[in-house]
>>> print(open('work-v4.pdb').read())   # PDB, C-alpha atoms
ATOM      1  CA  MET A   1      33.596  45.608 -13.586
ATOM      2  CA  ALA A   2      33.468  41.824 -13.184
ATOM      3  CA  ALA A   3      36.291  42.032 -10.635
ATOM      4  CA  ALA A   4      34.571  44.854  -8.732
ATOM      5  CA  LEU A   5      31.256  42.994  -8.518
ATOM      6  CA  TRP A   6      33.017  39.775  -7.464
ATOM      7  CA  ALA A   7      34.855  41.721  -4.754
ATOM      8  CA  ALA A   8      31.596  43.256  -3.532
ATOM      9  CA  LYS A   9      30.070  39.800  -3.060
ATOM     10  CA  GLU A  10      33.269  38.611  -1.365
ATOM     11  CA  ALA A  11      33.113  41.570   1.023
ATOM     12  CA  LEU A  12      29.546  40.624   1.939
ATOM     13  CA  LEU A  13      30.564  37.028   2.659
ATOM     14  CA  CYS A  14      33.470  38.175   4.820
ATOM     15  CA  LYS A  15      31.490  40.932   6.540
ATOM     16  CA  THR A  16      33.972  43.600   5.523
ATOM     17  CA  GLU A  17      34.125  46.733   3.390
ATOM     18  CA  LEU A  18      35.000  47.175  -0.274
ATOM     19  CA  LEU A  19      37.611  49.619  -1.498
ATOM     20  CA  LEU A  20      37.624  50.437  -5.220
ATOM     21  CA  LEU A  21      41.132  51.535  -6.169
ATOM     22  CA  MET A  22      42.112  53.115  -9.470
ATOM     23  CA  ALA A  23      45.719  54.062 -10.218
ATOM     24  CA  TYR A  24      45.938  56.425 -13.164
ATOM     25  CA  GLY A  25      49.667  57.149 -13.097
ATOM     26  CA  VAL A  26      52.639  55.345 -14.581
ATOM     27  CA  ASP A  27      55.064  53.148 -12.671
ATOM     28  CA  GLY A  28      58.640  54.437 -12.727
ATOM     29  CA  GLY A  29      60.533  57.586 -11.800
ATOM     30  CA  PRO A  30      61.125  60.882 -13.607
ATOM     31  CA  PHE A  31      62.552  60.755 -17.111
ATOM     32  CA  GLY A  32      65.724  62.874 -17.204
ATOM     33  CA  ASN A  33      65.003  66.354 -15.855
ATOM     34  CA  ARG A  34      61.393  66.338 -17.013
ATOM     35  CA  SER A  35      58.389  65.071 -15.148
ATOM     36  CA  PHE A  36      56.826  61.994 -16.750
ATOM     37  CA  PRO A  37      53.989  61.769 -17.438
ATOM     38  CA  PRO A  38      53.131  65.463 -17.992
ATOM     39  CA  ASP A  39      50.847  67.190 -15.472
ATOM     40  CA  THR A  40      48.210  67.934 -18.115
ATOM     41  CA  TRP A  41      48.035  64.246 -18.974
ATOM     42  CA  LEU A  42      47.658  63.301 -15.300
ATOM     43  CA  LYS A  43      44.870  65.846 -14.785
ATOM     44  CA  ALA A  44      42.968  64.468 -17.758
ATOM     45  CA  LYS A  45      43.379  60.932 -16.441
ATOM     46  CA  GLU A  46      42.286  62.043 -12.972
ATOM     47  CA  ALA A  47      39.021  63.430 -14.366
ATOM     48  CA  ILE A  48      38.292  60.209 -16.250
ATOM     49  CA  THR A  49      39.196  58.158 -13.176
ATOM     50  CA  GLY A  50      36.645  60.035 -11.077
ATOM     51  CA  GLU A  51      33.905  59.231 -13.570
ATOM     52  CA  VAL A  52      34.862  55.573 -13.752
ATOM     53  CA  LEU A  53      35.017  55.143  -9.980
ATOM     54  CA  HIS A  54      31.591  56.780  -9.619
ATOM     55  CA  GLU A  55      30.141  54.344 -12.156
ATOM     56  CA  PHE A  56      31.730  51.343 -10.477
ATOM     57  CA  ARG A  57      30.630  52.432  -7.011
ATOM     58  CA  GLU A  58      27.016  52.810  -8.106
ATOM     59  CA  ALA A  59      27.083  49.367  -9.729
ATOM     60  CA  CYS A  60      28.531  47.693  -6.625
ATOM     61  CA  GLU A  61      26.154  49.455  -4.248
ATOM     62  CA  SER A  62      23.216  48.469  -6.433
ATOM     63  CA  ALA A  63      24.315  44.827  -6.652
ATOM     64  CA  VAL A  64      25.289  44.432  -2.980
ATOM     65  CA  PRO A  65      23.664  47.252  -0.972
ATOM     66  CA  GLU A  66      24.686  45.712   2.371
ATOM     67  CA  VAL A  67      28.388  46.419   1.732
ATOM     68  CA  LYS A  68      29.998  49.780   2.449
ATOM     69  CA  VAL A  69      31.873  50.921  -0.660
ATOM     70  CA  THR A  70      34.621  53.547  -0.738
ATOM     71  CA  THR A  71      36.782  54.729  -3.617
ATOM     72  CA  VAL A  72      40.383  55.876  -3.893
ATOM     73  CA  ALA A  73      42.204  57.375  -6.874
ATOM     74  CA  VAL A  74      45.996  57.631  -6.821
ATOM     75  CA  ASP A  75      48.382  59.217  -9.306
ATOM     76  CA  THR A  76      50.945  56.410  -9.023
ATOM     77  CA  GLY A  77      51.215  53.404 -11.327
ATOM     78  CA  PRO A  78      49.208  50.198 -10.772
ATOM     79  CA  VAL A  79      52.160  48.102  -9.591
ATOM     80  CA  ALA A  80      53.121  50.548  -6.850
ATOM     81  CA  ALA A  81      49.509  51.158  -5.851
ATOM     82  CA  LEU A  82      48.598  47.470  -5.617
ATOM     83  CA  THR A  83      51.746  46.616  -3.691
ATOM     84  CA  GLU A  84      51.159  49.373  -1.149
ATOM     85  CA  ILE A  85      47.482  48.663  -0.588
ATOM     86  CA  SER A  86      48.127  44.922  -0.198
ATOM     87  CA  ALA A  87      49.680  45.571   3.225
ATOM     88  CA  THR A  88      46.273  46.440   4.693
ATOM     89  CA  ALA A  89      43.902  44.524   2.401
ATOM     90  CA  ARG A  90      42.392  41.115   3.032
ATOM     91  CA  LEU A  91      42.880  40.363  -0.646
ATOM     92  CA  LEU A  92      43.207  42.085  -4.014
ATOM     93  CA  ALA A  93      40.727  41.378  -6.811
ATOM     94  CA  ILE A  94      41.665  42.335 -10.354
ATOM     95  CA  GLY A  95      40.314  41.584 -13.788
ATOM     96  CA  ALA A  96      41.786  39.142 -16.274
ATOM     97  CA  PRO A  97      45.286  40.285 -17.325
ATOM     98  CA  THR A  98      45.287  43.031 -19.949
ATOM     99  CA  GLY A  99      47.583  45.968 -20.636
ATOM    100  CA  GLU A 100      49.774  46.923 -17.675
ATOM    101  CA  ILE A 101      48.170  44.255 -15.506
ATOM    102  CA  ALA A 102      49.224  41.589 -18.010
ATOM    103  CA  GLY A 103      52.774  42.754 -17.471
ATOM    104  CA  LEU A 104      52.556  41.808 -13.808
ATOM    105  CA  PHE A 105      52.187  38.189 -14.821
ATOM    106  CA  ALA A 106      54.493  38.169 -17.829
ATOM    107  CA  GLY A 107      57.477  39.551 -15.926
ATOM    108  CA  VAL A 108      57.548  42.929 -17.683
ATOM    109  CA  SER A 109      56.871  44.922 -14.529
ATOM    110  CA  ALA A 110      58.156  42.496 -11.902
ATOM    111  CA  ALA A 111      61.616  44.039 -11.728
ATOM    112  CA  ARG A 112      60.083  47.412 -10.855
ATOM    113  CA  LEU A 113      58.361  46.119  -7.750
ATOM    114  CA  SER A 114      60.181  47.010  -4.548
ATOM    115  CA  SER A 115      58.273  44.428  -2.510
ATOM    116  CA  GLY A 116      55.708  41.673  -3.000
ATOM    117  CA  ALA A 117      51.999  41.727  -2.348
ATOM    118  CA  VAL A 118      51.240  40.866   1.260
ATOM    119  CA  CYS A 119      47.767  39.477   0.670
ATOM    120  CA  PRO A 120      46.423  36.952  -1.861
ATOM    121  CA  VAL A 121      45.538  38.154  -5.359
ATOM    122  CA  VAL A 122      42.324  37.017  -7.053
ATOM    123  CA  VAL A 123      42.196  37.181 -10.845
ATOM    124  CA  VAL A 124      38.515  37.243 -11.729
ATOM    125  CA  ARG A 125      37.969  35.006 -14.731
ATOM    126  CA  GLY A 126      34.567  33.556 -15.561
ATOM    127  CA  PRO A 127      31.454  33.758 -13.389
ATOM    128  CA  GLY A 128      32.365  31.475 -10.481
ATOM    129  CA  ASP A 129      28.753  31.518  -9.296
ATOM    130  CA  ASP A 130      28.492  27.916  -8.163
ATOM    131  CA  GLY A 131      30.420  24.671  -7.866
ATOM    132  CA  PRO A 132      33.147  23.738  -5.390
ATOM    133  CA  VAL A 133      36.219  25.625  -4.255
ATOM    134  CA  VAL A 134      39.268  23.830  -5.691
ATOM    135  CA  VAL A 135      42.733  23.929  -4.131
ATOM    136  CA  GLY A 136      46.013  22.596  -5.468
ATOM    137  CA  VAL A 137      48.114  20.838  -2.813
ATOM    138  CA  ASP A 138      51.762  19.789  -3.086
ATOM    139  CA  GLY A 139      52.621  19.323   0.582
ATOM    140  CA  SER A 140      54.866  22.391   0.868
ATOM    141  CA  PRO A 141      54.488  25.122   3.538
ATOM    142  CA  LEU A 142      53.112  27.319   0.750
ATOM    143  CA  SER A 143      50.342  24.855  -0.019
ATOM    144  CA  GLU A 144      49.418  24.923   3.691
ATOM    145  CA  GLU A 145      48.804  28.649   3.247
ATOM    146  CA  ALA A 146      46.695  27.896   0.174
ATOM    147  CA  LEU A 147      44.724  25.304   2.151
ATOM    148  CA  ALA A 148      44.025  27.843   4.888
ATOM    149  CA  TRP A 149      42.518  30.253   2.373
ATOM    150  CA  ALA A 150      40.679  27.534   0.435
ATOM    151  CA  PHE A 151      38.942  26.170   3.548
ATOM    152  CA  ALA A 152      38.047  29.694   4.705
ATOM    153  CA  GLU A 153      36.601  30.569   1.298
ATOM    154  CA  ALA A 154      34.642  27.302   1.086
ATOM    155  CA  SER A 155      33.284  27.888   4.587
ATOM    156  CA  ASN A 156      32.206  31.462   3.769
ATOM    157  CA  ARG A 157      30.425  30.244   0.637
ATOM    158  CA  GLU A 158      28.941  27.109   2.250
ATOM    159  CA  ALA A 159      30.536  25.243  -0.651
ATOM    160  CA  PRO A 160      32.295  21.873  -0.908
ATOM    161  CA  LEU A 161      36.065  21.746  -1.320
ATOM    162  CA  VAL A 162      38.067  19.707  -3.826
ATOM    163  CA  ALA A 163      41.683  19.173  -2.742
ATOM    164  CA  LEU A 164      43.776  18.103  -5.725
ATOM    165  CA  HIS A 165      47.244  16.621  -5.629
ATOM    166  CA  ALA A 166      48.716  15.724  -9.013
ATOM    167  CA  TRP A 167      51.866  13.644  -9.343
ATOM    168  CA  HIS A 168      53.684  12.376 -12.395
ATOM    169  CA  ASP A 169      56.602  10.099 -13.279
ATOM    170  CA  GLY A 170      59.088  12.973 -13.042
ATOM    171  CA  ASP A 171      58.293  13.362  -9.340
ATOM    172  CA  VAL A 172      60.269  10.189  -8.524
ATOM    173  CA  ALA A 173      58.827   9.891  -4.996
ATOM    174  CA  GLY A 174      56.036  12.381  -5.422
ATOM    175  CA  LEU A 175      55.887  16.006  -4.305
ATOM    176  CA  PHE A 176      55.165  15.215  -0.664
ATOM    177  CA  THR A 177      58.222  14.934   1.559
ATOM    178  CA  GLY A 178      59.039  13.852   5.103
ATOM    179  CA  GLU A 179      58.425  10.681   7.062
ATOM    180  CA  GLY A 180      54.739  10.635   6.156
ATOM    181  CA  ALA A 181      55.627  10.215   2.480
ATOM    182  CA  LEU A 182      57.524   6.930   2.994
ATOM    183  CA  PRO A 183      55.585   4.093   1.343
ATOM    184  CA  PHE A 184      54.346   1.176   3.378
ATOM    185  CA  PRO A 185      55.351  -2.328   2.116
ATOM    186  CA  GLY A 186      53.356  -3.104  -0.987
ATOM    187  CA  GLU A 187      51.936   0.428  -1.198
ATOM    188  CA  SER A 188      51.827   2.035  -4.653
ATOM    189  CA  VAL A 189      52.923   5.582  -5.323
ATOM    190  CA  ARG A 190      49.283   6.588  -5.789
ATOM    191  CA  GLU A 191      48.350   5.070  -2.444
ATOM    192  CA  THR A 192      51.239   6.860  -0.754
ATOM    193  CA  GLU A 193      50.282  10.200  -2.256
ATOM    194  CA  ASN A 194      46.634   9.691  -1.297
ATOM    195  CA  ARG A 195      47.535   8.732   2.277
ATOM    196  CA  VAL A 196      49.815  11.730   2.781
ATOM    197  CA  LEU A 197      47.243  14.098   1.256
ATOM    198  CA  GLY A 198      44.739  12.763   3.778
ATOM    199  CA  GLN A 199      47.208  13.529   6.562
ATOM    200  CA  ARG A 200      47.652  17.078   5.272
ATOM    201  CA  LEU A 201      43.896  17.640   5.211
ATOM    202  CA  ALA A 202      43.106  16.090   8.603
ATOM    203  CA  GLY A 203      43.748  19.206  10.684
ATOM    204  CA  TRP A 204      41.785  21.457   8.312
ATOM    205  CA  ARG A 205      38.842  19.036   8.244
ATOM    206  CA  LYS A 206      38.769  19.185  12.040
ATOM    207  CA  LYS A 207      38.847  23.005  12.007
ATOM    208  CA  TYR A 208      36.127  23.238   9.328
ATOM    209  CA  PRO A 209      33.876  20.195   9.949
ATOM    210  CA  GLN A 210      31.037  21.857   8.026
ATOM    211  CA  VAL A 211      33.024  21.836   4.759
ATOM    212  CA  PRO A 212      32.603  18.656   2.660
ATOM    213  CA  VAL A 213      35.987  17.643   1.215
ATOM    214  CA  ASP A 214      36.648  15.609  -1.926
ATOM    215  CA  GLN A 215      40.226  14.299  -1.936
ATOM    216  CA  VAL A 216      41.600  13.807  -5.459
ATOM    217  CA  VAL A 217      44.988  12.308  -6.395
ATOM    218  CA  VAL A 218      45.888  11.942 -10.072
ATOM    219  CA  ARG A 219      48.964  11.170 -12.145
ATOM    220  CA  ASP A 220      49.123  14.251 -14.323
ATOM    221  CA  LYS A 221      50.523  17.773 -14.472
ATOM    222  CA  PRO A 222      48.663  19.839 -11.854
ATOM    223  CA  ARG A 223      47.820  22.664 -14.248
ATOM    224  CA  HIS A 224      46.011  20.237 -16.594
ATOM    225  CA  ARG A 225      43.609  19.000 -13.910
ATOM    226  CA  LEU A 226      43.179  22.395 -12.244
ATOM    227  CA  LEU A 227      42.215  23.944 -15.571
ATOM    228  CA  GLU A 228      39.769  21.105 -16.132
ATOM    229  CA  LEU A 229      38.262  21.506 -12.659
ATOM    230  CA  SER A 230      38.002  25.278 -13.127
ATOM    231  CA  GLU A 231      35.261  24.734 -15.716
ATOM    232  CA  LYS A 232      32.816  23.770 -12.940
ATOM    233  CA  ALA A 233      34.377  25.525  -9.932
ATOM    234  CA  ARG A 234      33.512  28.815  -8.228
ATOM    235  CA  LEU A 235      37.135  29.460  -7.204
ATOM    236  CA  VAL A 236      40.551  27.843  -7.678
ATOM    237  CA  VAL A 237      43.209  28.452  -5.005
ATOM    238  CA  VAL A 238      46.908  27.858  -5.663
ATOM    239  CA  GLY A 239      50.211  28.865  -4.127
ATOM    240  CA  THR A 240      52.996  30.412  -6.103
ATOM    241  CA  ARG A 241      56.720  29.836  -5.897
ATOM    242  CA  GLY A 242      59.460  32.447  -6.225
ATOM    243  CA  ARG A 243      60.659  35.560  -4.470
ATOM    244  CA  GLY A 244      57.192  36.669  -3.396
ATOM    245  CA  GLY A 245      54.272  38.836  -4.351
ATOM    246  CA  PHE A 246      53.502  39.767  -7.935
ATOM    247  CA  ALA A 247      57.037  38.860  -8.996
ATOM    248  CA  ALA A 248      56.337  35.266  -8.027
ATOM    249  CA  LEU A 249      53.279  35.095 -10.267
ATOM    250  CA  ALA A 250      55.594  35.129 -13.269
ATOM    251  CA  VAL A 251      57.510  32.089 -11.947
ATOM    252  CA  GLY A 252      55.063  29.255 -11.332
ATOM    253  CA  SER A 253      53.868  27.566 -14.501
ATOM    254  CA  THR A 254      50.692  26.304 -12.820
ATOM    255  CA  SER A 255      49.569  29.685 -11.483
ATOM    256  CA  HIS A 256      50.555  31.334 -14.773
ATOM    257  CA  ALA A 257      48.412  28.897 -16.766
ATOM    258  CA  LEU A 258      45.425  29.398 -14.480
ATOM    259  CA  ILE A 259      45.693  33.188 -14.519
ATOM    260  CA  HIS A 260      45.438  33.199 -18.304
ATOM    261  CA  HIS A 261      43.182  30.228 -19.050
ATOM    262  CA  ALA A 262      40.995  29.257 -16.056
ATOM    263  CA  LYS A 263      37.212  29.371 -16.432
ATOM    264  CA  CYS A 264      36.581  30.737 -12.923
ATOM    265  CA  PRO A 265      38.247  33.207 -10.521
ATOM    266  CA  VAL A 266      41.750  32.199  -9.404
ATOM    267  CA  MET A 267      43.271  33.048  -6.019
ATOM    268  CA  VAL A 268      47.075  33.072  -5.934
ATOM    269  CA  VAL A 269      48.528  32.835  -2.430
ATOM    270  CA  ARG A 270      52.085  33.441  -1.306
ATOM    271  CA  GLU A 271      53.570  32.325   1.986
ATOM    272  CA  THR A 272      53.213  35.187   4.453
ATOM    273  CA  GLY A 273      52.214  33.553   7.715
ATOM    274  CA  ARG A 274      49.164  35.840   7.771
ATOM    275  CA  PRO A 275      45.975  33.753   8.088
ATOM    276  CA  PRO A 276      42.688  34.613   6.380
ATOM    277  CA  ARG A 277      40.688  37.298   8.221
TER
END
>>> encode(input="work-v4.pdb", output="structure tokens")
Amino acid sequence: MAAALWAAKEALLCKTELLLLMAYGVDGGPFGNRSFPPDTWLKAKEAITGEVLHEFREACESAVPEVKVTTVAVDTGPVAALTEISATARLLAIGAPTGEIAGLFAGVSAARLSSGAVCPVVVVRGPGDDGPVVVGVDGSPLSEEALAWAFAEASNREAPLVALHAWHDGDVAGLFTGEGALPFPGESVRETENRVLGQRLAGWRKKYPQVPVDQVVVRDKPRHRLLELSEKARLVVVGTRGRGGFAALAVGSTSHALIHHAKCPVMVVRETGRPPR
């Protein structure tokens, strides 16, 4: 319910519609020559699903009456349903990992996914009612995608943005690469990282001049500071490394830590080349 209500408010901010999706089937094919799960089981689940969707729709319409809410029930498993719907969705909002959903982030179900999620996935943890939008930046093309979404979300919410880059001794020359990362004579690693982060943010600041930006560079593991910042944030945005989609969520240690321990909603973005809309 927390995820549904968060998504309803997000839909209002983005001037779009809300689709409540419930998948009551099981991921995977037939077992031997018998249909699995049994038809009687599916029919019972379908009846329960209808009741749940009705309850959720009424709650969302009551909380955010300006948003058009539709519901869809499918007899496939959650992994297949989420992957398919992600091709046309702006983003997916789900609750904190439990049951089958937890498997998406622990790697249990990743091998059964035929393709990755096309849109970002928001794991709704904590209220996220106020505070800044926080984004983790490492200078990669993927973090550019995360920056695009973070600035768009901060703009929609009329909220400030905190752009965090964390480096540590194991980075050697830091996570930023390219000519811009070369230190000037007498420049410390921290100064280099801070300068290059500023260069990364310059174009986005120009595109979103109304968004106040706090640039933060620290020597620490990124997940430590992002978890700390999540205590007073309304949203944390991170990229994820790996083969793509839900499968990738099981790979990055930072996104994994946030999904399970953050104090506010977490948006996990993969590199798709599709801008926020």
>>> residues_around(input="work-v4.pdb", residues="A:Ala59", least_positions_apart="4", cutoff="8 Å", atoms="all atoms listed in the file", output="list of chain:residue names")
A:Leu5, A:Glu55, A:Ala63
>>> residues_around(input="work-v4.pdb", residues="stretch 82-87 of chain A", least_positions_apart="2", cutoff="6 Å", atoms="only C-alpha atoms", output="number ranges by chain")
A: 78-80, 89, 117-119
>>> closest_residue(input="work-v4.pdb", among="A:Pro209, A:Pro141, A:Gly136, A:Gly203", to="A:Leu164", atoms="only C-alpha atoms")
A:Gly136
>>> residues_around(input="work-v4.pdb", residues="A:Gly126", least_positions_apart="6", cutoff="8 Å", atoms="only C-alpha atoms", output="PDB file with C-alpha atoms, in the frame of the given file")
ATOM      1  CA  ALA A 262      40.995  29.257 -16.056  1.00  0.00           C
ATOM      2  CA  LYS A 263      37.212  29.371 -16.432  1.00  0.00           C
ATOM      3  CA  CYS A 264      36.581  30.737 -12.923  1.00  0.00           C
ATOM      4  CA  PRO A 265      38.247  33.207 -10.521  1.00  0.00           C
TER       5      PRO A 265
END
>>> resolve_selection(input="work-v4.pdb", expression="the PyMOL selection byres ((chain A and resi 254) around 10)", output="PyMOL selection string")
chain A and resi 136+221-224+226-227+238-241+249+251-253+255-259
>>> atom_distance(input="work-v4.pdb", atom1="atom CA of A:Leu12", atom2="atom CA of A:Pro120")
17.7 Å
>>> atom_distance(input="work-v4.pdb", atom1="atom CA of A:Pro38", atom2="atom CA of A:Gly77")
13.9 Å
>>> residues_around(input="work-v4.pdb", residues="stretch 152-155 of chain A", least_positions_apart="3", cutoff="8 Å", atoms="only C-alpha atoms", output="PyMOL selection string")
chain A and resi 132-133+148-149+158-161+208+210-211+276
>>> resolve_selection(input="work-v4.pdb", expression="the PyMOL selection byres ((chain A and resi 147) around 9)", output="ChimeraX atom specification")
/A:135-137,142-146,148-152,163,201,204,237-238
>>> resolve_selection(input="work-v4.pdb", expression="the PyMOL selection byres ((chain A and resi 129) around 9)", output="PDB file with C-alpha atoms, in the coordinates of the input")
ATOM      1  CA  GLY A 126      34.567  33.556 -15.561  1.00  0.00           C
ATOM      2  CA  PRO A 127      31.454  33.758 -13.389  1.00  0.00           C
ATOM      3  CA  GLY A 128      32.365  31.475 -10.481  1.00  0.00           C
ATOM      4  CA  ASP A 130      28.492  27.916  -8.163  1.00  0.00           C
ATOM      5  CA  GLY A 131      30.420  24.671  -7.866  1.00  0.00           C
ATOM      6  CA  ALA A 233      34.377  25.525  -9.932  1.00  0.00           C
ATOM      7  CA  ARG A 234      33.512  28.815  -8.228  1.00  0.00           C
ATOM      8  CA  LEU A 235      37.135  29.460  -7.204  1.00  0.00           C
ATOM      9  CA  CYS A 264      36.581  30.737 -12.923  1.00  0.00           C
TER      10      CYS A 264
END
>>> atom_distance(input="work-v4.pdb", atom1="atom CA of A:Ile94", atom2="atom CA of A:Val162")
23.8 Å
